[in-house]
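Have a look at model.cif below; it lists mmCIF, C-alpha atoms and all ligand atoms.
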data_data
#
loop_
_atom_site.label_atom_id
_atom_site.label_comp_id
_atom_site.auth_asym_id
_atom_site.auth_seq_id
_atom_site.Cartn_x
_atom_site.Cartn_y
_atom_site.Cartn_z
CA MET A 1 -10.43 -24.08 -11.88
CA THR A 2 -9.39 -24.09 -8.23
CA VAL A 3 -6.57 -21.82 -7.29
CA ASN A 4 -4.40 -22.16 -4.25
CA ILE A 5 -4.38 -18.72 -2.68
CA MET A 6 -0.99 -19.29 -1.09
CA ASP A 7 0.61 -19.56 -4.51
CA TYR A 8 0.27 -15.81 -5.00
CA ASN A 9 1.63 -14.72 -1.69
CA ILE A 10 5.31 -15.08 -1.14
CA ASN A 11 6.63 -17.27 1.63
CA ASN A 12 9.31 -16.09 4.06
CA GLU A 13 12.10 -16.73 1.60
CA GLY A 14 10.33 -14.74 -1.10
CA PHE A 15 9.11 -17.63 -3.23
CA TYR A 16 6.00 -17.57 -5.36
CA GLY A 17 5.61 -21.32 -5.81
CA GLU A 18 9.02 -22.39 -7.11
CA PHE A 19 9.92 -18.91 -8.41
CA GLY A 20 11.62 -15.94 -6.78
CA GLY A 21 13.87 -16.18 -3.74
CA ALA A 22 17.11 -14.27 -3.20
CA TYR A 23 20.10 -15.80 -4.98
CA ILE A 24 22.75 -13.26 -4.11
CA PRO A 25 26.48 -13.14 -3.54
CA GLU A 26 27.67 -13.19 0.06
CA ILE A 27 28.73 -9.56 -0.14
CA LEU A 28 25.14 -8.37 -0.76
CA TYR A 29 23.66 -10.48 1.99
CA SER A 30 23.47 -7.85 4.73
CA ASN A 31 21.96 -5.19 2.39
CA VAL A 32 19.21 -7.47 1.18
CA GLU A 33 18.62 -8.99 4.60
CA ASN A 34 18.31 -5.53 6.14
CA LEU A 35 15.77 -4.47 3.52
CA LYS A 36 13.86 -7.71 3.95
CA LYS A 37 13.67 -7.17 7.72
CA CYS A 38 12.27 -3.64 7.58
CA TYR A 39 10.31 -3.16 4.35
CA LEU A 40 6.96 -4.50 5.54
CA GLU A 41 7.08 -2.69 8.83
CA ILE A 42 7.83 0.60 7.07
CA ILE A 43 5.29 0.15 4.25
CA GLU A 44 2.49 -0.88 6.61
CA ASN A 45 3.13 2.00 8.99
CA ARG A 46 0.15 4.43 9.01
CA GLU A 47 2.28 7.57 8.73
CA PHE A 48 4.20 6.10 5.82
CA GLN A 49 0.97 5.26 4.04
CA ALA A 50 -0.40 8.74 4.59
CA GLU A 51 2.81 10.24 3.20
CA PHE A 52 2.71 7.91 0.19
CA GLU A 53 -0.95 8.67 -0.50
CA THR A 54 -0.39 12.42 -0.32
CA LEU A 55 2.49 12.16 -2.77
CA MET A 56 0.42 9.99 -5.11
CA ARG A 57 -2.42 12.51 -5.09
CA ASP A 58 -0.64 15.87 -5.11
CA TYR A 59 2.56 15.06 -6.99
CA VAL A 60 1.85 12.10 -9.26
CA GLY A 61 -1.74 13.20 -9.98
CA ARG A 62 -3.62 10.11 -8.78
CA PRO A 63 -6.09 8.57 -8.99
CA SER A 64 -5.38 8.07 -12.67
CA PRO A 65 -8.68 8.05 -14.63
CA LEU A 66 -10.45 4.85 -15.64
CA TYR A 67 -11.60 5.86 -19.11
CA PHE A 68 -14.32 4.09 -21.07
CA ALA A 69 -12.94 3.87 -24.62
CA ASN A 70 -16.13 4.31 -26.59
CA ARG A 71 -14.97 4.02 -30.18
CA LEU A 72 -12.45 1.25 -29.48
CA SER A 73 -15.19 -0.69 -27.66
CA ASP A 74 -17.50 -0.26 -30.69
CA LYS A 75 -14.81 -1.49 -33.00
CA TYR A 76 -14.18 -4.71 -31.05
CA SER A 77 -17.79 -5.18 -29.83
CA THR A 78 -16.88 -5.36 -26.15
CA LYS A 79 -16.58 -2.93 -23.23
CA ILE A 80 -13.04 -1.58 -22.98
CA TYR A 81 -11.80 0.59 -20.13
CA LEU A 82 -8.32 2.10 -20.13
CA LYS A 83 -6.51 2.64 -16.83
CA ARG A 84 -4.66 5.84 -17.63
CA GLU A 85 -1.19 5.47 -16.08
CA ASP A 86 0.01 7.50 -19.07
CA LEU A 87 -1.38 10.59 -17.34
CA ASN A 88 0.89 10.26 -14.29
CA HIS A 89 3.71 12.74 -13.69
CA THR A 90 6.70 11.61 -15.82
CA GLY A 91 4.34 9.77 -18.13
CA ALA A 92 4.12 6.20 -16.86
CA HIS A 93 3.42 3.90 -13.92
CA LYS A 94 7.09 3.80 -12.89
CA ILE A 95 6.75 6.83 -10.61
CA ASN A 96 4.43 4.86 -8.26
CA ASN A 97 7.34 2.59 -7.41
CA THR A 98 10.13 5.17 -7.27
CA ALA A 99 8.02 7.46 -5.05
CA GLY A 100 7.36 4.57 -2.66
CA GLN A 101 10.98 3.49 -2.58
CA ILE A 102 12.37 6.99 -2.00
CA LEU A 103 10.15 7.40 1.06
CA LEU A 104 11.33 4.00 2.28
CA ALA A 105 14.99 4.87 1.65
CA ARG A 106 14.60 8.08 3.63
CA ARG A 107 13.12 6.18 6.56
CA MET A 108 16.02 3.76 6.41
CA GLY A 109 18.40 6.72 6.73
CA LYS A 110 19.89 6.28 3.24
CA THR A 111 21.56 9.31 1.67
CA ARG A 112 22.49 7.96 -1.76
CA ILE A 113 20.31 6.32 -4.43
CA ILE A 114 21.41 4.13 -7.30
CA ALA A 115 19.29 2.77 -10.14
CA GLU A 116 19.63 0.96 -13.44
CA THR A 117 17.83 2.02 -16.57
CA GLY A 118 17.35 0.73 -20.11
CA ALA A 119 15.29 3.16 -22.13
CA GLY A 120 15.71 5.72 -19.40
CA GLN A 121 12.13 5.76 -18.11
CA HIS A 122 13.00 4.27 -14.74
CA GLY A 123 16.09 6.49 -14.59
CA VAL A 124 13.96 9.60 -15.12
CA ALA A 125 11.38 8.45 -12.53
CA THR A 126 14.18 7.83 -10.03
CA ALA A 127 15.98 11.11 -10.75
CA THR A 128 12.63 12.87 -10.33
CA VAL A 129 11.95 11.59 -6.80
CA CYS A 130 15.58 12.22 -5.84
CA ALA A 131 15.21 15.86 -6.89
CA LEU A 132 11.96 15.96 -4.95
CA THR A 133 13.63 14.78 -1.74
CA GLY A 134 17.11 16.26 -2.25
CA ILE A 135 18.85 12.88 -2.25
CA LYS A 136 21.93 12.15 -4.38
CA CYS A 137 21.18 10.00 -7.44
CA ILE A 138 23.38 7.85 -9.67
CA VAL A 139 21.88 6.05 -12.66
CA TYR A 140 23.70 3.23 -14.46
CA MET A 141 22.90 3.02 -18.16
CA GLY A 142 24.43 0.96 -20.96
CA HIS A 143 26.47 2.98 -23.43
CA THR A 144 24.34 1.70 -26.32
CA ASP A 145 21.18 2.92 -24.56
CA ILE A 146 22.75 6.29 -23.79
CA LEU A 147 23.29 6.83 -27.51
CA ARG A 148 19.69 5.81 -28.38
CA GLN A 149 17.89 7.63 -25.56
CA ASN A 150 19.41 11.08 -25.53
CA LEU A 151 16.29 12.93 -24.38
CA ASN A 152 15.96 10.83 -21.21
CA VAL A 153 19.69 11.18 -20.51
CA GLN A 154 19.35 14.96 -20.69
CA LYS A 155 16.25 14.88 -18.46
CA MET A 156 18.13 12.88 -15.81
CA LYS A 157 21.01 15.36 -15.93
CA MET A 158 18.66 18.33 -15.65
CA LEU A 159 17.07 16.63 -12.64
CA GLY A 160 20.50 16.52 -11.02
CA ALA A 161 21.34 12.84 -11.44
CA GLU A 162 24.72 11.52 -12.48
CA VAL A 163 24.38 9.14 -15.44
CA ARG A 164 27.18 6.57 -15.47
CA ALA A 165 27.83 4.85 -18.79
CA VAL A 166 28.27 1.07 -18.68
CA HIS A 167 30.67 -0.39 -21.26
CA SER A 168 30.51 -4.09 -20.37
CA GLY A 169 28.59 -6.80 -22.26
CA ASN A 170 26.12 -5.55 -24.84
CA LYS A 171 26.06 -2.19 -23.04
CA THR A 172 22.31 -2.41 -22.41
CA LEU A 173 19.88 -2.96 -19.51
CA LYS A 174 21.22 -6.28 -18.22
CA ASP A 175 24.74 -4.82 -18.02
CA ALA A 176 23.46 -1.69 -16.25
CA CYS A 177 21.80 -3.97 -13.64
CA ASN A 178 25.10 -5.77 -13.06
CA GLU A 179 26.92 -2.48 -12.57
CA ALA A 180 24.31 -1.15 -10.14
CA ILE A 181 24.58 -4.35 -8.10
CA ARG A 182 28.38 -3.95 -8.06
CA ASP A 183 28.01 -0.39 -6.76
CA TRP A 184 25.64 -1.54 -4.02
CA CYS A 185 28.16 -4.14 -2.89
CA CYS A 186 30.75 -1.36 -2.45
CA ASN A 187 28.43 1.09 -0.69
CA PRO A 188 26.19 -0.95 1.58
CA SER A 189 25.62 1.47 4.44
CA ASP A 190 24.52 4.76 2.85
CA THR A 191 23.02 3.52 -0.43
CA HIS A 192 19.58 2.22 -1.44
CA TYR A 193 19.19 0.53 -4.81
CA ILE A 194 15.85 1.39 -6.45
CA ILE A 195 15.03 -1.48 -8.80
CA GLY A 196 12.54 -0.51 -11.51
CA SER A 197 10.34 -3.57 -11.85
CA THR A 198 9.07 -6.68 -10.05
CA VAL A 199 12.45 -8.36 -10.54
CA GLY A 200 15.64 -8.92 -8.54
CA PRO A 201 16.09 -10.73 -5.22
CA HIS A 202 13.36 -10.86 -2.58
CA PRO A 203 12.02 -8.49 -1.22
CA TYR A 204 12.11 -6.39 -4.42
CA PRO A 205 9.42 -8.18 -6.45
CA ASP A 206 7.00 -8.05 -3.53
CA MET A 207 7.89 -4.49 -2.56
CA VAL A 208 7.51 -3.14 -6.09
CA ALA A 209 4.21 -5.02 -6.57
CA ARG A 210 2.88 -3.46 -3.37
CA PHE A 211 3.71 0.07 -4.53
CA GLN A 212 2.16 -0.61 -7.94
CA SER A 213 -0.92 -2.24 -6.38
CA ILE A 214 -2.42 1.25 -6.13
CA ILE A 215 -3.47 0.60 -9.76
CA SER A 216 -5.85 -2.28 -8.94
CA LYS A 217 -6.96 -0.60 -5.73
CA GLU A 218 -8.21 2.34 -7.79
CA ILE A 219 -9.73 0.11 -10.48
CA LYS A 220 -11.93 -1.50 -7.81
CA HIS A 221 -13.38 1.83 -6.68
CA GLN A 222 -13.68 3.23 -10.19
CA LEU A 223 -15.41 0.17 -11.67
CA LEU A 224 -17.91 0.08 -8.82
CA GLU A 225 -18.78 3.68 -9.60
CA LYS A 226 -19.10 3.13 -13.35
CA GLU A 227 -20.44 -0.42 -13.62
CA GLY A 228 -22.00 -1.10 -10.23
CA ARG A 229 -19.57 -3.96 -9.62
CA ASN A 230 -16.00 -3.74 -8.48
CA TYR A 231 -14.45 -6.36 -10.76
CA PRO A 232 -13.97 -6.72 -14.51
CA ASP A 233 -14.13 -9.93 -16.55
CA TYR A 234 -10.63 -9.40 -17.89
CA LEU A 235 -7.55 -7.44 -16.88
CA VAL A 236 -4.93 -6.85 -19.57
CA ALA A 237 -1.43 -5.39 -19.18
CA CYS A 238 1.91 -5.52 -20.97
CA VAL A 239 4.77 -7.36 -19.30
CA GLY A 240 8.44 -6.40 -19.35
CA GLY A 241 9.69 -7.21 -15.87
CA GLY A 242 6.05 -7.23 -14.89
CA SER A 243 5.42 -4.30 -12.54
CA ASN A 244 2.47 -2.56 -14.20
CA ALA A 245 0.84 -5.95 -14.75
CA ALA A 246 1.50 -7.01 -11.15
CA GLY A 247 -0.06 -3.76 -9.92
CA THR A 248 -3.05 -4.23 -12.22
CA PHE A 249 -3.64 -7.82 -11.06
CA TYR A 250 -2.73 -7.39 -7.38
CA HIS A 251 -6.11 -7.00 -5.65
CA TYR A 252 -7.74 -9.50 -8.01
CA LEU A 253 -5.20 -12.33 -7.77
CA ASN A 254 -7.47 -14.44 -5.62
CA ASP A 255 -10.71 -13.47 -7.37
CA ASN A 256 -11.44 -16.22 -9.89
CA ARG A 257 -14.19 -14.22 -11.57
CA VAL A 258 -11.43 -12.09 -13.08
CA LYS A 259 -9.32 -13.50 -15.89
CA LEU A 260 -5.78 -12.13 -16.08
CA ILE A 261 -3.92 -11.53 -19.32
CA GLY A 262 -0.28 -10.46 -19.65
CA VAL A 263 1.17 -9.48 -23.01
CA GLU A 264 4.85 -9.96 -23.80
CA ALA A 265 6.88 -8.55 -26.66
CA ALA A 266 7.26 -11.07 -29.47
CA GLY A 267 9.71 -8.77 -31.26
CA LYS A 268 9.97 -9.97 -34.84
CA GLY A 269 8.13 -13.19 -33.89
CA VAL A 270 8.37 -15.97 -31.29
CA ASP A 271 9.85 -18.25 -33.95
CA THR A 272 12.76 -15.86 -34.60
CA ALA A 273 15.87 -15.12 -32.55
CA GLU A 274 14.77 -11.50 -32.21
CA THR A 275 12.17 -11.68 -29.48
CA ALA A 276 11.56 -10.91 -25.80
CA ALA A 277 8.77 -13.44 -25.15
CA THR A 278 10.29 -14.85 -21.96
CA ILE A 279 7.26 -16.81 -20.76
CA LYS A 280 6.76 -18.44 -24.17
CA LEU A 281 10.42 -19.23 -24.81
CA GLY A 282 12.38 -18.91 -21.56
CA LYS A 283 13.61 -21.76 -19.42
CA LYS A 284 13.91 -21.92 -15.64
CA GLY A 285 17.06 -20.24 -14.44
CA ILE A 286 18.41 -17.48 -12.24
CA ILE A 287 18.78 -13.85 -13.24
CA HIS A 288 19.62 -10.87 -11.01
CA GLY A 289 19.04 -12.85 -7.83
CA SER A 290 15.72 -14.44 -8.74
CA ARG A 291 14.68 -17.88 -9.95
CA THR A 292 12.34 -17.42 -12.89
CA PHE A 293 12.00 -17.97 -16.62
CA VAL A 294 15.06 -16.67 -18.47
CA MET A 295 15.90 -16.36 -22.16
CA GLN A 296 18.95 -18.57 -22.48
CA ASN A 297 20.79 -20.78 -24.94
CA ASP A 298 21.40 -24.51 -24.50
CA ASP A 299 24.48 -23.80 -22.39
CA GLY A 300 22.45 -21.67 -19.98
CA GLN A 301 23.98 -18.40 -21.21
CA ILE A 302 21.51 -15.52 -21.05
CA THR A 303 20.63 -14.40 -24.59
CA GLU A 304 20.00 -10.82 -25.71
CA PRO A 305 16.29 -10.09 -25.95
CA TYR A 306 14.88 -7.92 -28.71
CA SER A 307 11.75 -5.76 -28.96
CA ILE A 308 10.94 -2.52 -30.78
CA SER A 309 10.00 -1.29 -27.32
CA ALA A 310 12.98 -0.68 -25.03
CA GLY A 311 10.84 -1.11 -21.90
CA LEU A 312 10.00 -4.73 -22.72
CA ASP A 313 13.33 -6.22 -23.76
CA TYR A 314 14.36 -7.77 -20.44
CA PRO A 315 15.65 -11.38 -20.69
CA GLY A 316 13.83 -12.41 -17.49
CA ILE A 317 10.35 -11.98 -16.06
CA GLY A 318 9.18 -11.16 -12.54
CA PRO A 319 8.78 -14.35 -10.45
CA VAL A 320 5.14 -13.57 -9.70
CA HIS A 321 4.39 -13.86 -13.43
CA ALA A 322 6.45 -17.04 -13.80
CA ASN A 323 4.23 -18.54 -11.12
CA LEU A 324 0.98 -17.12 -12.55
CA ALA A 325 1.93 -18.69 -15.88
CA ALA A 326 3.06 -22.03 -14.42
CA THR A 327 -0.15 -22.36 -12.37
CA GLN A 328 -2.25 -21.08 -15.30
CA ARG A 329 -3.85 -18.39 -13.16
CA ALA A 330 -2.94 -15.88 -15.89
CA ASP A 331 -2.64 -16.27 -19.66
CA TYR A 332 0.27 -14.73 -21.52
CA TYR A 333 0.12 -13.64 -25.15
CA ALA A 334 2.94 -12.42 -27.37
CA VAL A 335 2.49 -9.40 -29.67
CA THR A 336 4.98 -8.52 -32.41
CA ASP A 337 6.59 -5.17 -33.22
CA GLY A 338 4.28 -4.76 -36.21
CA GLU A 339 1.13 -5.64 -34.27
CA ALA A 340 2.08 -3.20 -31.51
CA LEU A 341 2.69 -0.40 -34.02
CA ASP A 342 -0.70 -1.05 -35.65
CA ALA A 343 -2.39 -0.99 -32.24
CA ALA A 344 -0.66 2.30 -31.35
CA PHE A 345 -1.88 3.99 -34.53
CA GLU A 346 -5.34 2.52 -34.04
CA LEU A 347 -5.68 3.88 -30.48
CA THR A 348 -4.45 7.27 -31.63
CA GLU A 349 -6.98 7.39 -34.48
CA THR A 350 -9.96 6.09 -32.52
CA GLU A 351 -9.44 7.68 -29.11
CA GLY A 352 -6.93 10.51 -29.54
CA ILE A 353 -4.44 8.88 -27.21
CA ILE A 354 -0.84 8.23 -28.30
CA PRO A 355 0.29 5.29 -26.15
CA ALA A 356 3.79 4.18 -25.18
CA LEU A 357 5.01 1.35 -27.40
CA GLU A 358 5.03 -0.96 -24.36
CA SER A 359 1.34 -0.27 -23.71
CA ALA A 360 0.62 -0.74 -27.42
CA HIS A 361 1.62 -4.39 -26.98
CA ALA A 362 -1.22 -4.82 -24.48
CA LEU A 363 -3.60 -3.21 -27.00
CA GLY A 364 -2.51 -5.83 -29.53
CA ILE A 365 -4.65 -8.34 -27.59
CA PHE A 366 -7.81 -7.24 -29.43
CA LYS A 367 -6.50 -8.64 -32.72
CA GLN A 368 -5.57 -11.97 -31.08
CA LYS A 369 -8.50 -12.64 -28.78
CA LYS A 370 -12.25 -12.14 -29.25
CA PHE A 371 -14.16 -10.82 -26.23
CA GLU A 372 -17.93 -11.07 -25.70
CA PRO A 373 -20.14 -7.95 -26.09
CA ASP A 374 -20.98 -7.84 -22.38
CA ASN A 375 -17.40 -8.50 -21.18
CA ILE A 376 -15.80 -5.72 -19.19
CA VAL A 377 -12.14 -5.52 -20.18
CA VAL A 378 -9.81 -3.22 -18.21
CA LEU A 379 -6.50 -2.59 -19.95
CA THR A 380 -3.69 -0.69 -18.28
CA LEU A 381 -2.19 1.98 -20.49
CA SER A 382 1.19 1.95 -18.75
CA GLY A 383 2.63 5.07 -20.38
CA ARG A 384 2.38 7.80 -22.97
CA GLY A 385 3.97 7.82 -26.39
CA ASP A 386 6.08 11.01 -26.36
CA LYS A 387 9.29 9.04 -25.93
CA ASP A 388 8.39 6.82 -28.89
CA MET A 389 7.58 9.53 -31.43
CA GLU A 390 10.73 8.90 -33.44
CA THR A 391 9.77 5.24 -33.89
CA TYR A 392 6.21 6.20 -34.78
CA ILE A 393 7.40 8.81 -37.31
CA ASN A 394 9.62 6.21 -38.98
CA ASN A 395 6.61 3.92 -39.33
CA PHE A 396 3.95 6.32 -40.63
CA LYS A 397 1.97 4.69 -43.42
CA LEU A 398 1.18 7.53 -45.77
C1 LIG B 1 9.15 0.25 -18.18
C2 LIG B 1 7.83 0.25 -18.84
C3 LIG B 1 7.09 -0.94 -19.01
C4 LIG B 1 7.60 -2.29 -18.62
O1 LIG B 1 7.85 -2.48 -17.26
P1 LIG B 1 6.94 -3.39 -16.33
O2 LIG B 1 7.74 -3.53 -15.09
O3 LIG B 1 6.73 -4.71 -17.02
O4 LIG B 1 5.66 -2.70 -16.12
C5 LIG B 1 5.83 -0.85 -19.57
N1 LIG B 1 5.32 0.32 -19.99
C6 LIG B 1 5.99 1.49 -19.85
C7 LIG B 1 5.37 2.74 -20.33
C8 LIG B 1 7.26 1.49 -19.28
O5 LIG B 1 7.94 2.65 -19.16
#

How would this structure read if it were set down as structure tokens?
Ligand SMILES: *Cc1c(COP(=O)(O)O)cnc(C)c1O
Amino acid sequence: MTVNIMDYNINNEGFYGEFGGAYIPEILYSNVENLKKCYLEIIENREFQAEFETLMRDYVGRPSPLYFANRLSDKYSTKIYLKREDLNHTGAHKINNTAGQILLARRMGKTRIIAETGAGQHGVATATVCALTGIKCIVYMGHTDILRQNLNVQKMKMLGAEVRAVHSGNKTLKDACNEAIRDWCCNPSDTHYIIGSTVGPHPYPDMVARFQSIISKEIKHQLLEKEGRNYPDYLVACVGGGSNAAGTFYHYLNDNRVKLIGVEAAGKGVDTAETAATIKLGKKGIIHGSRTFVMQNDDGQITEPYSISAGLDYPGIGPVHANLAATQRADYYAVTDGEALDAAFELTETEGIIPALESAHALGIFKQKKFEPDNIVVLTLSGRGDKDMETYINNFKL
């Protein structure tokens, strides 16, 4: 298959193919335009990069290990490596992005940070870097999520953030995004909005992917050391908004030797109404400033997504993934709640690693796809399972 390299780099308006862009209300224009003008210059600055790298090493604990999963490999007769983002400070890949964005915000002279959060993971990662830099932090969170995610709410408070409950709509992630955007409209000069995934208007998807690209940068070095070649046959990652997957794929996007696999949450099944498989079921539309696939009804109303995993139930998908799917550069699979739970228990029993439920969806690939014995498969374990223990306990099979 021939792949047009340009399809995976955004153009000046932030489009990946026909996806992406910045569909924003007039009132946000100057904020987004300002960010668009300065983000590349700041990120590519040598001092900024040195500061980011130091933080990644000494605070986040990078490089995260690339671990050869011996017993899991035996079981599926292939070579499986796990990229251990679960071992990062705060327990997931999200800190790579929030650390990058807080340094950027500081350079832009911003003194106030806002963020949205669903399960609270991005809220905790944002509150963490705000405590680290002494910058004021406000996290918007749906009231329904606040009730379900008490531990993360308490963590954010302990870290000094103000958690603002959102009572509109279904009182979940999508509504928290809307409220954060509203805040940004009212406070354009002093505030930076830290979006938690490769979603939202340009330049967010590109900026977040760049901060997360440290994942594939490390995989290259680590594979060369372990396998004598710097590329795998397959890369596998779960996809909510798509940031850990975008970071995992980033440095391999134009390398056709590497097959890319994203795994969405099928919820109770792609043939039910309770699902979050946006690439399988979504239609082209606009959500939070970006043209992409969106879960919507026949009238174009955005529908509520469902997954057992709170980190995957976003009704959209990052535009880079919409384009990777449309151009068939990457394949997307859908894994159900039950399959993800099975995969989580299996990893725990075979490798002694309790994964986040989101990451367990990626692990579900081994039941759906057969790999060859000499294939090298690198799967990103996006987070650890501490936050999901209650769900796991309720599903113990005794
Ligand atoms: C938030 C989260 C995800 C989903 O977000 P992406 O932007 O798709 O990576 C996946 N895994 C974990 C552990 C998360 O916290």

Show me which residues sit within 6 Å of ligand LIG 1 (chain B) when counting all atoms listed in the file, and put them as a PDB file with C-alpha atoms, in the coordinates of the input.
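selection.pdb, written as the output of this step:
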ATOM      1  CA  ALA A  92       4.120   6.200 -16.860  1.00  0.00           C
ATOM      2  CA  GLN A 121      12.130   5.760 -18.110  1.00  0.00           C
ATOM      3  CA  SER A 197      10.340  -3.570 -11.850  1.00  0.00           C
ATOM      4  CA  VAL A 239       4.770  -7.360 -19.300  1.00  0.00           C
ATOM      5  CA  GLY A 240       8.440  -6.400 -19.350  1.00  0.00           C
ATOM      6  CA  GLY A 241       9.690  -7.210 -15.870  1.00  0.00           C
ATOM      7  CA  GLY A 242       6.050  -7.230 -14.890  1.00  0.00           C
ATOM      8  CA  SER A 243       5.420  -4.300 -12.540  1.00  0.00           C
ATOM      9  CA  ASN A 244       2.470  -2.560 -14.200  1.00  0.00           C
ATOM     10  CA  ALA A 245       0.840  -5.950 -14.750  1.00  0.00           C
ATOM     11  CA  GLY A 311      10.840  -1.110 -21.900  1.00  0.00           C
ATOM     12  CA  LEU A 312      10.000  -4.730 -22.720  1.00  0.00           C
ATOM     13  CA  ALA A 356       3.790   4.180 -25.180  1.00  0.00           C
ATOM     14  CA  GLU A 358       5.030  -0.960 -24.360  1.00  0.00           C
ATOM     15  CA  SER A 359       1.340  -0.270 -23.710  1.00  0.00           C
ATOM     16  CA  SER A 382       1.190   1.950 -18.750  1.00  0.00           C
ATOM     17  CA  GLY A 383       2.630   5.070 -20.380  1.00  0.00           C
TER      18      GLY A 383
END

Exercise. What is the CA of Ala326 (chain A) to CA of Ser290 (chain A) distance in Å?
Worked result: 15.8 Å

Exercise. Any idea what's packed within 12 Å of Leu82 (chain A), counting all atoms listed in the file, ignoring anything in its chain fewer than 3 positions away? Could you give it as a ChimeraX atom specification?
Worked result: /A:64-70,72-73,79,85-87,215,219,222-223,232,234-237,248,347,351,353,355,359-360,362-363,376-383

Problem set entry | Gly61 (chain A) surroundings by all atoms listed in the file, 12 Å radius, close-in-sequence under 3 positions cut, as a PyMOL selection string | chain A and resi 53-58+64-65+84-93+95-96

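Closest approach to Leu151 (chain A) among A:Tyr81, A:Asn170, A:Glu264, A:Asp386 is made by A:Asp386 (distances from all atoms listed in the file).
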
Size and centre in Å, one decimal, axis-aligned box, all listed region 355-364 of chain A atoms plus 8 Å per side, as AutoDock Vina command-line options:
--center_x 0.7 --center_y -0.3 --center_z -26.6 --size_x 24.6 --size_y 27.1 --size_z 21.8

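We find CA of Val320 (chain A) and CA of Thr278 (chain A) to be spaced 13.4 Å apart.
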
Complete the atom set of region 53-69 of chain A to N, CA and C atoms and return it as a PDB file, keeping the file's coordinate frame.
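Result file is selection.pdb:
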ATOM      1  N   GLU A  53       0.316   8.288   0.132  1.00  0.00           N
ATOM      2  CA  GLU A  53      -0.950   8.670  -0.500  1.00  0.00           C
ATOM      3  C   GLU A  53      -0.981  10.149  -0.887  1.00  0.00           C
ATOM      4  N   THR A  54      -0.431  10.992  -0.022  1.00  0.00           N
ATOM      5  CA  THR A  54      -0.390  12.420  -0.320  1.00  0.00           C
ATOM      6  C   THR A  54       0.465  12.683  -1.569  1.00  0.00           C
ATOM      7  N   LEU A  55       1.604  12.012  -1.626  1.00  0.00           N
ATOM      8  CA  LEU A  55       2.490  12.160  -2.770  1.00  0.00           C
ATOM      9  C   LEU A  55       1.809  11.670  -4.051  1.00  0.00           C
ATOM     10  N   MET A  56       1.125  10.546  -3.956  1.00  0.00           N
ATOM     11  CA  MET A  56       0.420   9.990  -5.110  1.00  0.00           C
ATOM     12  C   MET A  56      -0.634  10.978  -5.618  1.00  0.00           C
ATOM     13  N   ARG A  57      -1.329  11.601  -4.701  1.00  0.00           N
ATOM     14  CA  ARG A  57      -2.420  12.510  -5.090  1.00  0.00           C
ATOM     15  C   ARG A  57      -1.883  13.849  -5.610  1.00  0.00           C
ATOM     16  N   ASP A  58      -1.011  14.483  -4.823  1.00  0.00           N
ATOM     17  CA  ASP A  58      -0.640  15.870  -5.110  1.00  0.00           C
ATOM     18  C   ASP A  58       0.541  15.995  -6.065  1.00  0.00           C
ATOM     19  N   TYR A  59       1.358  14.960  -6.165  1.00  0.00           N
ATOM     20  CA  TYR A  59       2.560  15.060  -6.990  1.00  0.00           C
ATOM     21  C   TYR A  59       2.430  14.228  -8.265  1.00  0.00           C
ATOM     22  N   VAL A  60       1.976  13.001  -8.100  1.00  0.00           N
ATOM     23  CA  VAL A  60       1.850  12.100  -9.260  1.00  0.00           C
ATOM     24  C   VAL A  60       0.559  12.383 -10.036  1.00  0.00           C
ATOM     25  N   GLY A  61      -0.469  12.873  -9.316  1.00  0.00           N
ATOM     26  CA  GLY A  61      -1.740  13.200  -9.980  1.00  0.00           C
ATOM     27  C   GLY A  61      -2.758  12.078  -9.922  1.00  0.00           C
ATOM     28  N   ARG A  62      -2.674  11.230  -8.910  1.00  0.00           N
ATOM     29  CA  ARG A  62      -3.620  10.110  -8.780  1.00  0.00           C
ATOM     30  C   ARG A  62      -4.883  10.560  -8.064  1.00  0.00           C
ATOM     31  N   PRO A  63      -5.976   9.795  -8.207  1.00  0.00           N
ATOM     32  CA  PRO A  63      -6.090   8.570  -8.990  1.00  0.00           C
ATOM     33  C   PRO A  63      -6.023   8.844 -10.488  1.00  0.00           C
ATOM     34  N   SER A  64      -5.390   7.938 -11.210  1.00  0.00           N
ATOM     35  CA  SER A  64      -5.380   8.070 -12.670  1.00  0.00           C
ATOM     36  C   SER A  64      -6.782   7.660 -13.150  1.00  0.00           C
ATOM     37  N   PRO A  65      -7.309   8.345 -14.187  1.00  0.00           N
ATOM     38  CA  PRO A  65      -8.680   8.050 -14.630  1.00  0.00           C
ATOM     39  C   PRO A  65      -8.839   6.610 -15.139  1.00  0.00           C
ATOM     40  N   LEU A  66     -10.048   6.080 -14.952  1.00  0.00           N
ATOM     41  CA  LEU A  66     -10.450   4.850 -15.640  1.00  0.00           C
ATOM     42  C   LEU A  66     -11.385   5.320 -16.746  1.00  0.00           C
ATOM     43  N   TYR A  67     -10.899   5.233 -17.985  1.00  0.00           N
ATOM     44  CA  TYR A  67     -11.600   5.860 -19.110  1.00  0.00           C
ATOM     45  C   TYR A  67     -12.297   4.809 -19.966  1.00  0.00           C
ATOM     46  N   PHE A  68     -13.604   5.005 -20.187  1.00  0.00           N
ATOM     47  CA  PHE A  68     -14.320   4.090 -21.070  1.00  0.00           C
ATOM     48  C   PHE A  68     -14.020   4.467 -22.529  1.00  0.00           C
ATOM     49  N   ALA A  69     -13.355   3.590 -23.238  1.00  0.00           N
ATOM     50  CA  ALA A  69     -12.940   3.870 -24.620  1.00  0.00           C
ATOM     51  C   ALA A  69     -14.076   3.498 -25.567  1.00  0.00           C
TER      52      ALA A  69
END
